[in-house]
$ cat start_3.txt   # compact mmCIF, C-alpha atoms
# COMPACT_ATOMS: atom_id res chain seq x y z
CA MET V 1 171.85 1.44 118.29
CA ASP V 2 175.44 1.70 119.51
CA VAL V 3 175.62 0.02 122.93
CA ARG V 4 177.86 2.85 124.15
CA VAL V 5 174.96 5.23 123.52
CA ALA V 6 172.19 2.90 124.67
CA HIS V 7 173.94 2.17 127.99
CA ARG V 8 175.94 5.36 128.48
CA ALA V 9 175.18 5.88 132.18
CA LEU V 10 175.87 2.24 133.10
CA LEU V 11 179.15 2.10 131.19
CA ARG V 12 180.36 5.36 132.72
CA ARG V 13 179.75 3.87 136.15
CA LEU V 14 181.39 0.53 135.37
CA LEU V 15 184.34 1.96 133.41
CA PRO V 16 184.93 5.32 135.14
CA GLU V 17 188.55 5.69 134.04
CA ASP V 18 187.83 5.32 130.33
CA GLU V 19 186.62 7.75 127.70
CA LEU V 20 183.33 6.26 126.58
CA GLU V 21 183.51 7.28 122.92
CA ALA V 22 186.95 5.71 122.54
CA LEU V 23 185.94 2.28 123.83
CA ALA V 24 185.97 -0.65 121.42
CA VAL V 25 182.83 -2.78 121.19
CA ARG V 26 183.03 -6.40 120.06
CA ARG V 27 179.96 -8.32 119.04
CA GLY V 28 179.98 -11.95 120.12
CA GLN V 29 177.38 -14.61 119.46
CA PHE V 30 175.79 -14.04 122.87
CA HIS V 31 177.11 -10.70 124.16
CA HIS V 32 178.23 -7.23 123.26
CA VAL V 33 181.63 -6.77 124.91
CA VAL V 34 182.75 -3.23 125.73
CA VAL V 35 186.54 -3.16 126.12
CA GLY V 36 188.02 -0.75 128.64
CA SER V 37 191.63 -0.15 129.58
CA ALA V 38 191.58 -2.55 132.55
CA ARG V 39 188.09 -4.08 132.48
CA VAL V 40 185.58 -5.36 129.97
CA VAL V 41 181.80 -5.28 130.31
CA CYS V 42 179.68 -8.09 128.89
CA LEU V 43 176.13 -7.05 127.96
CA PRO V 44 173.91 -9.99 126.94
CA ARG V 45 172.26 -9.70 123.56
CA THR V 46 169.21 -11.80 124.50
CA ARG V 47 167.26 -12.70 127.62
CA ALA V 48 168.49 -16.28 127.36
CA ALA V 49 172.11 -15.09 127.36
CA ALA V 50 171.35 -12.89 130.37
CA ALA V 51 169.96 -15.89 132.26
CA ARG V 52 173.25 -17.72 131.69
CA LEU V 53 175.46 -14.97 133.16
CA PRO V 54 175.63 -16.41 136.71
CA ALA V 55 176.69 -19.82 135.37
CA ARG V 56 179.27 -18.14 133.15
CA ALA V 57 180.75 -16.28 136.13
CA ALA V 58 180.81 -19.49 138.19
CA GLY V 59 182.60 -21.35 135.42
CA LEU V 60 185.23 -18.63 135.15
CA ARG V 61 185.84 -18.79 138.90
CA THR V 62 186.40 -22.53 138.62
CA LEU V 63 188.86 -22.05 135.77
CA GLY V 64 190.64 -19.28 137.65
CA GLY V 65 191.55 -21.77 140.36
CA LEU V 66 193.42 -24.01 137.93
CA ASP V 67 197.02 -23.79 136.79
CA LEU V 68 196.38 -23.91 133.06
CA GLY V 69 199.46 -21.98 131.98
CA PHE V 70 197.46 -19.05 130.60
CA ARG V 71 195.01 -16.49 131.93
CA THR V 72 191.25 -16.70 131.90
CA PRO V 73 189.03 -13.67 132.61
CA GLU V 74 188.34 -13.01 136.28
CA PRO V 75 184.78 -11.99 137.20
CA LEU V 76 184.91 -8.67 139.08
CA LEU V 77 181.28 -7.62 139.30
CA GLU V 78 177.93 -8.96 138.17
CA GLY V 79 174.44 -7.64 138.49
CA GLY V 80 171.94 -5.41 136.76
CA ALA V 81 171.04 -1.74 136.58
CA ASP V 82 167.79 -0.30 135.23
CA GLY V 83 166.88 -3.72 133.87
CA VAL V 84 170.24 -4.18 132.09
CA PRO V 85 172.18 -7.26 133.26
CA PHE V 86 175.96 -7.16 133.03
CA LEU V 87 179.14 -9.00 133.91
CA VAL V 88 182.41 -7.13 134.45
CA LEU V 89 185.67 -9.04 133.85
CA ASP V 90 189.30 -8.06 134.10
CA ARG V 91 190.99 -7.40 130.78
CA ILE V 92 193.65 -9.80 129.59
CA PRO V 93 196.40 -8.17 127.50
CA GLY V 94 197.15 -9.50 124.05
CA GLU V 95 195.55 -9.78 120.65
CA PRO V 96 194.24 -12.61 118.44
CA LEU V 97 196.91 -14.07 116.21
CA ASP V 98 197.16 -12.68 112.72
CA GLY V 99 196.79 -15.50 110.22
CA ALA V 100 199.93 -14.38 108.42
CA ALA V 101 201.99 -15.18 111.52
CA LEU V 102 201.68 -18.90 110.88
CA ARG V 103 203.49 -18.58 107.55
CA ASP V 104 206.72 -18.37 109.53
CA PRO V 105 207.70 -21.99 110.35
CA ARG V 106 209.23 -20.99 113.69
CA ALA V 107 206.07 -19.16 114.74
CA ALA V 108 203.88 -22.02 113.51
CA ASP V 109 205.93 -24.50 115.56
CA ALA V 110 205.65 -22.28 118.65
CA VAL V 111 201.90 -21.82 118.26
CA ALA V 112 201.28 -25.54 117.71
CA ALA V 113 203.34 -26.45 120.78
CA GLN V 114 201.43 -24.00 122.95
CA TYR V 115 198.05 -25.13 121.66
CA ALA V 116 199.07 -28.73 122.36
CA ALA V 117 199.99 -27.74 125.91
CA LEU V 118 196.67 -25.88 126.28
CA LEU V 119 194.68 -28.95 125.22
CA ALA V 120 196.74 -31.22 127.48
CA GLY V 121 196.08 -28.88 130.40
CA LEU V 122 192.34 -28.95 129.76
CA ARG V 123 192.40 -32.73 129.64
CA ARG V 124 194.28 -32.87 132.95
CA ALA V 125 191.79 -30.44 134.47
CA GLY V 126 188.98 -32.74 133.41
CA ALA V 127 190.33 -35.38 135.79
CA ASP V 128 190.16 -33.03 138.79
CA ALA V 129 187.28 -34.03 141.08
CA LYS V 130 186.52 -30.42 142.06
CA VAL V 131 186.39 -29.36 138.41
CA ARG V 132 184.13 -32.28 137.51
CA ALA V 133 181.78 -31.31 140.33
CA ALA V 134 181.69 -27.63 139.27
CA LEU V 135 181.30 -27.86 135.48
CA PRO V 136 178.43 -29.33 133.47
CA ARG V 137 179.03 -32.52 131.49
CA GLU V 138 177.87 -32.95 127.93
CA PRO V 139 175.31 -35.80 127.87
CA ASP V 140 176.25 -39.10 126.27
CA ASP V 141 173.52 -38.62 123.65
CA ARG V 142 174.56 -35.04 122.97
CA TRP V 143 174.83 -35.48 119.19
CA ARG V 144 171.54 -37.35 118.88
CA ARG V 145 169.84 -34.51 120.76
CA PHE V 146 171.58 -32.00 118.54
CA GLY V 147 170.34 -33.73 115.38
CA ASP V 148 166.81 -33.92 116.74
CA GLY V 149 166.93 -30.23 117.54
CA VAL V 150 168.19 -29.26 114.09
CA ARG V 151 165.46 -31.26 112.37
CA ALA V 152 162.68 -29.99 114.61
CA GLU V 153 163.72 -26.35 114.93
CA LEU V 154 165.73 -25.47 111.83
CA PHE V 155 164.50 -27.58 108.92
CA GLY V 156 161.50 -25.31 108.48
CA PHE V 157 163.84 -22.45 107.58
CA MET V 158 165.80 -24.46 105.00
CA SER V 159 165.42 -25.23 101.33
CA ASP V 160 165.21 -28.85 100.15
CA ASP V 161 168.90 -28.72 99.21
CA GLY V 162 169.70 -27.23 102.60
CA ARG V 163 167.93 -30.04 104.40
CA ARG V 164 169.80 -32.64 102.36
CA ARG V 165 173.10 -30.95 103.20
CA ALA V 166 172.19 -30.87 106.88
CA GLU V 167 171.23 -34.55 106.84
CA ARG V 168 174.64 -35.44 105.40
CA GLU V 169 176.38 -33.46 108.11
CA LEU V 170 174.20 -34.88 110.87
CA GLY V 171 174.68 -38.40 109.52
CA ALA V 172 178.42 -38.14 110.18
CA LEU V 173 177.59 -37.71 113.88
CA ASP V 174 175.55 -40.92 114.14
CA GLY V 175 176.97 -43.19 116.80
CA MET V 176 179.84 -40.84 117.57
CA PRO V 177 180.98 -41.40 121.17
CA GLN V 178 180.87 -38.52 123.63
CA ASP V 179 184.20 -38.32 125.42
CA GLY V 180 183.54 -36.48 128.68
CA ARG V 181 187.03 -36.66 130.16
CA ALA V 182 188.34 -33.19 129.25
CA VAL V 183 187.42 -29.62 130.01
CA VAL V 184 186.25 -28.27 126.66
CA HIS V 185 186.15 -24.56 125.88
CA GLY V 186 183.39 -25.02 123.33
CA ASP V 187 184.28 -22.06 121.08
CA LEU V 188 188.06 -22.09 120.80
CA GLY V 189 188.13 -19.94 117.68
CA ALA V 190 191.15 -17.82 116.83
CA GLU V 191 189.35 -14.65 117.95
CA ASN V 192 189.05 -15.99 121.51
CA VAL V 193 192.78 -16.71 122.02
CA LEU V 194 195.09 -13.82 122.90
CA TRP V 195 198.82 -13.72 122.17
CA GLU V 196 201.77 -11.48 122.98
CA TRP V 197 205.02 -11.37 121.02
CA ARG V 198 208.30 -12.06 122.82
CA ALA V 199 211.69 -12.46 121.19
CA GLY V 200 210.01 -12.56 117.79
CA LEU V 201 207.64 -15.43 118.65
CA PRO V 202 204.00 -15.51 119.78
CA ARG V 203 203.34 -16.41 123.41
CA LEU V 204 199.90 -17.55 124.56
CA ALA V 205 198.55 -14.93 126.98
CA GLY V 206 194.95 -15.88 127.65
CA VAL V 207 191.70 -17.40 126.43
CA LEU V 208 188.36 -15.58 126.39
CA ASP V 209 184.67 -16.40 126.02
CA TRP V 210 184.11 -19.52 128.12
CA ASP V 211 180.30 -19.43 127.76
CA ASP V 212 180.11 -23.05 126.60
CA VAL V 213 182.74 -24.58 128.90
CA ALA V 214 181.83 -28.15 129.87
CA LEU V 215 183.26 -31.61 130.32
CA GLY V 216 183.26 -33.10 126.86
CA ASP V 217 185.20 -34.23 123.84
CA PRO V 218 188.47 -32.39 123.04
CA ALA V 219 187.65 -33.01 119.36
CA GLU V 220 185.34 -29.98 119.66
CA ASP V 221 188.20 -27.64 120.54
CA LEU V 222 190.41 -29.17 117.85
CA ALA V 223 187.66 -28.57 115.29
CA ALA V 224 187.42 -24.92 116.33
CA LEU V 225 191.19 -24.48 116.09
CA ALA V 226 191.18 -26.01 112.62
CA ALA V 227 188.37 -23.70 111.52
CA GLY V 228 190.22 -20.67 112.86
CA HIS V 229 193.80 -21.46 111.86
CA GLY V 230 193.58 -24.00 109.06
CA ASP V 231 194.42 -27.61 108.37
CA ASP V 232 198.19 -27.22 108.74
CA LEU V 233 197.83 -26.44 112.43
CA LEU V 234 195.39 -29.34 112.81
CA ARG V 235 197.93 -31.72 111.26
CA ARG V 236 200.54 -30.52 113.74
CA LEU V 237 198.16 -31.13 116.65
CA LEU V 238 197.03 -34.55 115.41
CA ALA V 239 200.43 -36.04 115.93
CA PRO V 240 201.22 -39.68 115.14
CA GLY V 241 199.84 -41.77 117.94
CA SER V 242 196.73 -39.64 118.44
CA GLU V 243 193.78 -41.65 119.69
CA GLU V 244 191.95 -43.69 117.08
CA GLY V 245 188.98 -41.92 115.56
CA LEU V 246 189.93 -38.45 116.81
CA ALA V 247 190.53 -37.00 113.33
CA SER V 248 187.18 -38.24 112.03
CA ARG V 249 185.37 -36.77 115.07
CA VAL V 250 187.10 -33.44 114.48
CA ALA V 251 185.97 -33.40 110.83
CA ALA V 252 182.37 -34.34 111.66
CA ILE V 253 182.06 -31.69 114.38
CA ARG V 254 183.71 -29.00 112.27
CA ALA V 255 181.15 -29.55 109.50
CA THR V 256 178.28 -28.73 111.89
CA PHE V 257 179.51 -25.37 113.21
CA ALA V 258 176.99 -23.36 111.17
CA LEU V 259 174.17 -25.61 112.37
CA GLN V 260 175.36 -25.26 115.96
CA GLN V 261 175.32 -21.47 115.61
CA ALA V 262 171.85 -21.49 114.08
CA LEU V 263 170.36 -23.81 116.69
CA ALA V 264 171.72 -21.70 119.55
CA ALA V 265 170.39 -18.58 117.83
CA VAL V 266 166.87 -19.88 117.27
CA ARG V 267 166.66 -20.93 120.91
CA ASP V 268 167.88 -17.51 122.06
CA GLY V 269 165.61 -15.63 119.65
CA ASP V 270 168.59 -14.05 117.88
CA GLU V 271 167.44 -13.49 114.30
CA GLU V 272 170.73 -12.03 113.07
CA GLU V 273 172.82 -14.99 114.22
CA LEU V 274 170.16 -17.39 112.91
CA ALA V 275 170.26 -15.86 109.45
CA ASP V 276 174.05 -16.00 109.38
CA GLY V 277 174.18 -19.62 110.53
CA LEU V 278 171.61 -20.73 107.95
CA SER V 279 173.01 -18.76 105.02
CA GLY V 280 174.31 -21.93 103.37
CA TYR V 281 171.06 -23.86 103.88
CA ARG V 282 168.45 -21.53 102.42
$ encode --input "start_3.txt" --output "structure tokens"
Amino acid sequence: MDVRVAHRALLRRLLPEDELEALAVRRGQFHHVVVGSARVVCLPRTRAAAARLPARAAGLRTLGGLDLGFRTPEPLLEGGADGVPFLVLDRIPGEPLDGAALRDPRAADAVAAQYAALLAGLRRAGADAKVRAALPREPDDRWRRFGDGVRAELFGFMSDDGRRRAERELGALDGMPQDGRAVVHGDLGAENVLWEWRAGLPRLAGVLDWDDVALGDPAEDLAALAAGHGDDLLRRLLAPGSEEGLASRVAAIRATFALQQALAAVRDGDEEELADGLSGYR
């Protein structure tokens, strides 16, 4: 059912200045997001996602206190009504970047420079003692735990060929170090980065969907950017002199995105996301 219909009374109260039928609804991995003119309402899709809302709001408040050079959503109201949990955020102007924009060399240079600055800012933030105290840190054995979880919780849904594919992808993670020095977005796909156009060039306006923010390895965000924008952008970001082993970590993490989606989905009880994540392993 359309969430605008299912939660009509709640949305009219939370977005009183907007015409309900005209509101856009975006479906994320963990939430339905109802986009108003000045605010957005996040409605969790599962009970597990609802339980994480307070931590999500706390993480956004931590990020809001940093000078990152771009906007992050500001929590305005959180709570529940008639058994429906919600989180209201301010709306950041801008739109995701159209893939065709990167065909212009000037635009591609501008985007790469701004992404490089974004990643550098997150790494600097990871050295801030207050940030390190406020955000969770990915465990040193994160990838071993991930592999154990995939084998225990997902292999039963896979074909023999799917399990062999998964083992190859998991094998690339064996012994991979967990760099916990940077703030990592955790889902830095193209759809979560908003841009505005000024003087014919894209300008980074804000970054959305910080559900998975943690102290971790910036290779994760690089992998997401490569998946969303392609290998040319990745080559621009992996400049000569990049730390040894970074490119191989990016490739190994990028190859596991479908498994990461599926594992999160099975733990949240989200059958639709599970089926999508495992579509190449059946």
$ atom_distance --input "start_3.txt" --atom1 "CA of Val34 (chain V)" --atom2 "CA of Ala58 (chain V)"
20.6 Å
$ residues_near_point --input "start_3.txt" --point "(173.4, -33.5, 121.2)" --cutoff "12 Å" --atoms "all atoms listed in the file" --output "PDB file with C-alpha atoms, keeping the file's coordinate frame"
ATOM      1  CA  ARG V 137     179.030 -32.520 131.490  1.00  0.00           C
ATOM      2  CA  GLU V 138     177.870 -32.950 127.930  1.00  0.00           C
ATOM      3  CA  PRO V 139     175.310 -35.800 127.870  1.00  0.00           C
ATOM      4  CA  ASP V 140     176.250 -39.100 126.270  1.00  0.00           C
ATOM      5  CA  ASP V 141     173.520 -38.620 123.650  1.00  0.00           C
ATOM      6  CA  ARG V 142     174.560 -35.040 122.970  1.00  0.00           C
ATOM      7  CA  TRP V 143     174.830 -35.480 119.190  1.00  0.00           C
ATOM      8  CA  ARG V 144     171.540 -37.350 118.880  1.00  0.00           C
ATOM      9  CA  ARG V 145     169.840 -34.510 120.760  1.00  0.00           C
ATOM     10  CA  PHE V 146     171.580 -32.000 118.540  1.00  0.00           C
ATOM     11  CA  GLY V 147     170.340 -33.730 115.380  1.00  0.00           C
ATOM     12  CA  ASP V 148     166.810 -33.920 116.740  1.00  0.00           C
ATOM     13  CA  GLY V 149     166.930 -30.230 117.540  1.00  0.00           C
ATOM     14  CA  VAL V 150     168.190 -29.260 114.090  1.00  0.00           C
ATOM     15  CA  LEU V 170     174.200 -34.880 110.870  1.00  0.00           C
ATOM     16  CA  LEU V 173     177.590 -37.710 113.880  1.00  0.00           C
ATOM     17  CA  ASP V 174     175.550 -40.920 114.140  1.00  0.00           C
ATOM     18  CA  GLY V 175     176.970 -43.190 116.800  1.00  0.00           C
ATOM     19  CA  MET V 176     179.840 -40.840 117.570  1.00  0.00           C
ATOM     20  CA  PRO V 177     180.980 -41.400 121.170  1.00  0.00           C
ATOM     21  CA  GLN V 178     180.870 -38.520 123.630  1.00  0.00           C
ATOM     22  CA  GLY V 216     183.260 -33.100 126.860  1.00  0.00           C
ATOM     23  CA  ILE V 253     182.060 -31.690 114.380  1.00  0.00           C
ATOM     24  CA  THR V 256     178.280 -28.730 111.890  1.00  0.00           C
ATOM     25  CA  LEU V 259     174.170 -25.610 112.370  1.00  0.00           C
ATOM     26  CA  GLN V 260     175.360 -25.260 115.960  1.00  0.00           C
ATOM     27  CA  LEU V 263     170.360 -23.810 116.690  1.00  0.00           C
TER      28      LEU V 263
END
$ residues_near_point --input "start_3.txt" --point "(188.2, -26.8, 123.5)" --cutoff "6 Å" --atoms "all atoms listed in the file" --output "ChimeraX atom specification"
/V:184-186,188,218,220-221
$ atom_distance --input "start_3.txt" --atom1 "CA of Gly230 (chain V)" --atom2 "CA of Gln114 (chain V)"
16.0 Å
$ atom_distance --input "start_3.txt" --atom1 "CA of Arg282 (chain V)" --atom2 "CA of Asp187 (chain V)"
24.5 Å
$ closest_atom_pairs --input "start_3.txt" --of "region 57-140 of chain V" --to "region 11-26 of chain V" --cutoff "12 Å" --atoms "all atoms listed in the file" --output "Markdown table"
| residue | atom | partner | partner_atom | distance |
| --- | --- | --- | --- | --- |
| V:Leu76 | CA | V:Leu14 | CA | 10.5 |
| V:Leu77 | CA | V:Leu14 | CA | 9.0 |
| V:Glu78 | CA | V:Leu14 | CA | 10.5 |
| V:Gly79 | CA | V:Leu14 | CA | 11.2 |
| V:Gly80 | CA | V:Leu14 | CA | 11.2 |
| V:Ala81 | CA | V:Arg13 | CA | 10.4 |
| V:Val84 | CA | V:Leu11 | CA | 10.9 |
| V:Pro85 | CA | V:Leu11 | CA | 11.9 |
| V:Phe86 | CA | V:Leu14 | CA | 9.7 |
| V:Leu87 | CA | V:Leu14 | CA | 9.9 |
| V:Val88 | CA | V:Leu14 | CA | 7.8 |
| V:Leu89 | CA | V:Leu14 | CA | 10.6 |
| V:Asp90 | CA | V:Leu15 | CA | 11.2 |
| V:Arg91 | CA | V:Leu15 | CA | 11.8 |
$ decode --input "start_3.txt" --residues "region 63-75 of chain V" --atoms "all heavy atoms" --output "compact mmCIF listing (two decimals), in the first residue's frame"
# COMPACT_ATOMS: atom_id res chain seq x y z
N LEU V 63 27.40 14.58 13.18
CA LEU V 63 27.89 15.07 11.90
C LEU V 63 27.56 16.54 11.71
O LEU V 63 28.34 17.29 11.11
CB LEU V 63 27.27 14.25 10.77
CG LEU V 63 27.71 12.78 10.70
CD1 LEU V 63 26.81 12.01 9.75
CD2 LEU V 63 29.16 12.66 10.27
N GLY V 64 26.40 16.96 12.21
CA GLY V 64 25.99 18.34 12.05
C GLY V 64 26.91 19.32 12.77
O GLY V 64 26.95 20.50 12.43
N GLY V 65 27.65 18.84 13.75
CA GLY V 65 28.58 19.69 14.47
C GLY V 65 29.94 19.80 13.82
O GLY V 65 30.83 20.48 14.36
N LEU V 66 30.12 19.15 12.69
CA LEU V 66 31.42 19.17 12.00
C LEU V 66 31.38 20.13 10.81
O LEU V 66 30.32 20.36 10.21
CB LEU V 66 31.76 17.76 11.50
CG LEU V 66 31.80 16.66 12.56
CD1 LEU V 66 32.06 15.33 11.89
CD2 LEU V 66 32.85 16.95 13.62
N ASP V 67 32.52 20.64 10.45
CA ASP V 67 32.63 21.49 9.26
C ASP V 67 33.14 20.63 8.11
O ASP V 67 34.33 20.58 7.82
CB ASP V 67 33.58 22.65 9.53
CG ASP V 67 33.70 23.60 8.34
OD1 ASP V 67 32.84 23.50 7.44
OD2 ASP V 67 34.64 24.41 8.32
N LEU V 68 32.20 19.93 7.46
CA LEU V 68 32.57 18.99 6.42
C LEU V 68 32.58 19.62 5.03
O LEU V 68 33.04 19.01 4.07
CB LEU V 68 31.60 17.80 6.42
CG LEU V 68 31.66 16.90 7.66
CD1 LEU V 68 30.53 15.86 7.62
CD2 LEU V 68 33.01 16.22 7.78
N GLY V 69 32.04 20.82 4.91
CA GLY V 69 32.00 21.48 3.61
C GLY V 69 30.75 21.15 2.81
O GLY V 69 30.62 21.60 1.67
N PHE V 70 29.83 20.41 3.39
CA PHE V 70 28.55 20.11 2.75
C PHE V 70 27.54 19.86 3.86
O PHE V 70 27.89 19.64 5.02
CB PHE V 70 28.66 18.88 1.82
CG PHE V 70 29.17 17.65 2.52
CD1 PHE V 70 28.31 16.79 3.20
CD2 PHE V 70 30.52 17.33 2.50
CE1 PHE V 70 28.78 15.66 3.85
CE2 PHE V 70 31.01 16.21 3.15
CZ PHE V 70 30.13 15.37 3.82
N ARG V 71 26.28 19.86 3.49
CA ARG V 71 25.22 19.70 4.49
C ARG V 71 24.90 18.23 4.72
O ARG V 71 24.98 17.41 3.80
CB ARG V 71 23.96 20.43 4.06
CG ARG V 71 24.06 21.94 4.14
CD ARG V 71 22.74 22.60 3.77
NE ARG V 71 21.64 22.16 4.64
CZ ARG V 71 20.36 22.47 4.44
NH1 ARG V 71 20.03 23.21 3.40
NH2 ARG V 71 19.44 22.05 5.27
N THR V 72 24.54 17.93 5.95
CA THR V 72 23.96 16.64 6.30
C THR V 72 22.58 16.90 6.89
O THR V 72 22.34 17.99 7.43
CB THR V 72 24.84 15.89 7.32
OG1 THR V 72 25.01 16.71 8.48
CG2 THR V 72 26.20 15.56 6.73
N PRO V 73 21.65 15.96 6.80
CA PRO V 73 20.30 16.23 7.30
C PRO V 73 20.29 16.51 8.81
O PRO V 73 20.99 15.86 9.58
CB PRO V 73 19.55 14.92 6.98
CG PRO V 73 20.32 14.30 5.87
CD PRO V 73 21.76 14.65 6.14
N GLU V 74 19.48 17.47 9.20
CA GLU V 74 19.35 17.82 10.61
C GLU V 74 18.09 17.18 11.18
O GLU V 74 16.99 17.38 10.66
CB GLU V 74 19.26 19.34 10.78
CG GLU V 74 19.03 19.77 12.22
CD GLU V 74 18.79 21.25 12.36
OE1 GLU V 74 18.90 21.98 11.34
OE2 GLU V 74 18.46 21.68 13.48
N PRO V 75 18.21 16.39 12.24
CA PRO V 75 17.01 15.82 12.87
C PRO V 75 16.16 16.93 13.50
O PRO V 75 16.67 17.74 14.28
CB PRO V 75 17.56 14.87 13.93
CG PRO V 75 18.99 14.64 13.55
CD PRO V 75 19.43 15.91 12.88
